[in-house]
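Engineer: What follows is a structure written as structure tokens; I'll ask about it next.
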Amino acid sequence: MDGNYVALGVTLAVWIGLFLYLFRLDKRVKQLERKN
Amino acid sequence: MWWKLLLFLGMSAMIVVSFTVPAPQPTIGESSRIFYYHIPQAWICVLAFAMAMVYSIQYLRTKNQSFDDRAASAAALGLVFCILATLSGSIFAKVTWGSFWNWDPRETSIFILLLIYGAYFALRGAVETEERRAALSAVYAIFAFVTVPFLIFVVPRVVPSLHPADSVVDKNLKFTMGTQVRLIFFSSLILFTLLYLWMFWLANRVQSIVRRREERD
């Protein structure tokens, strides 16, 4: 397989993982802010 | 909410386009694509350290603890992006020069920068009194930032280096990139800045929740 597509897949996976983590963290922080 | 969706779609599109659309650079080949990630990471590193300095000055002027929290969050994110820029740079070095680390002036200067900001957190960890910690680290962050333009912009241009010097602008400050590459590069720069600001905002919100809880207990 072309190395470019492997690098593209890895970069996309890292970005999606990071985005989901930040999105969930944002939601959790919002809940905590409401509680406080 | 809408801007988070925009960031997600924009960054995803930028990643796909950066690997598929522009032709590889003639001299360094496919490894040139790392440019769309490495330079924005280095830019965020400078921006975050500058913000740490500004919040440190604000702390020293007002003695408001929240400015110290913001300075620490900015420096922490700056350090993370500095590590990412170092890693992406050493991947480029391996592909282009055959070795992950060559002690090139650019590599040496970013290594010194990592040590300087690593020491900032060692200092914060070593002082127990909150006010004293905030005051000492604010003074340190101001002096630490003085080295940033010198280490990132001056040293690598004064000392002969293997690192490409005219990736963005040439000696006459004219853009060296074609329109397509310029468009992807500046999109990446804006998207990375947005991502950093989101992370910074989140870190501050977490910090203020912790502070409120500490005050209550």
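All residue names refer to the structure tokens as shown: chains lettered A, B, ... in order, residues numbered from 1 in each chain, ligands numbered from 1 in order.
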Could you tell me which residues of chain B sit within 7 Å of chain A when counting only C-alpha atoms, and give me the result as a PyMOL selection string?
Structural biologist: chain B and resi 12+15-16+19+202+206+209
Engineer: Any idea what the distance is between CA of Ser31 (chain B) and CA of Trp101 (chain B)?
Structural biologist: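 Between CA of Ser31 (chain B) and CA of Trp101 (chain B) the gap is 16.0 Å.
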Engineer: Which of these residues is nearest to Met11 (chain B), using only C-alpha atoms: B:Phe100, B:Phe92, B:Phe185, B:Phe150?
Structural biologist: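 Of B:Phe100, B:Phe92, B:Phe185, B:Phe150, the one nearest Met11 (chain B) is B:Phe185, counting only C-alpha atoms.
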Engineer: Write down as a PyMOL selection string the residues belonging to region 13-177 of chain B that are assigned alpha helix (DSSP H) by DSSP computed on the backbone.
Structural biologist: chain B and resi 13-20+35-62+65-97+105-126+130-149+155-158
Engineer: Which residue gives the smallest distance to Phe145 (chain B) among B:Ser56, B:Asn64, B:Ser161, B:Thr108, with only C-alpha atoms counted?
Structural biologist: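 Between B:Ser56, B:Asn64, B:Ser161, B:Thr108, the residue approaching Phe145 (chain B) most closely is B:Ser56.
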Engineer: Measuring atom to atom with only C-alpha atoms, identify which of B:Ala13, B:Ala71, B:Leu6, B:Val127 is nearest to Gln207 (chain B).
Structural biologist: B:Ala71
Engineer: Neighbouring residues of Thr86 (chain B) were defined as those with any atom within 9 Å, considering only C-alpha atoms; residues of the same chain fewer than 3 positions away were excluded. Please report them as a list in words.
Structural biologist: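 Surrounding residues, per the criterion: His38, Ala42, Phe81, Cys82, Ile83, Gly89, Ser90, Ile91, Glu107, Ile110 and Phe111 of chain B.
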Engineer: Given the choices B:Phe192, B:Met1, B:Gly118, B:Phe143, which gets closest to Ala76 (chain B) if the distance is worked out from only C-alpha atoms?
Structural biologist: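 Residue with the minimum atom-to-atom distance to Ala76 (chain B): B:Gly118.
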Engineer: Which residues are close to Ala75 (chain B), i.e. within 7 Å by only C-alpha atoms, leaving aside same-chain residues fewer than 5 positions away? Reply as number ranges by chain.
Structural biologist: B: 48-49, 52
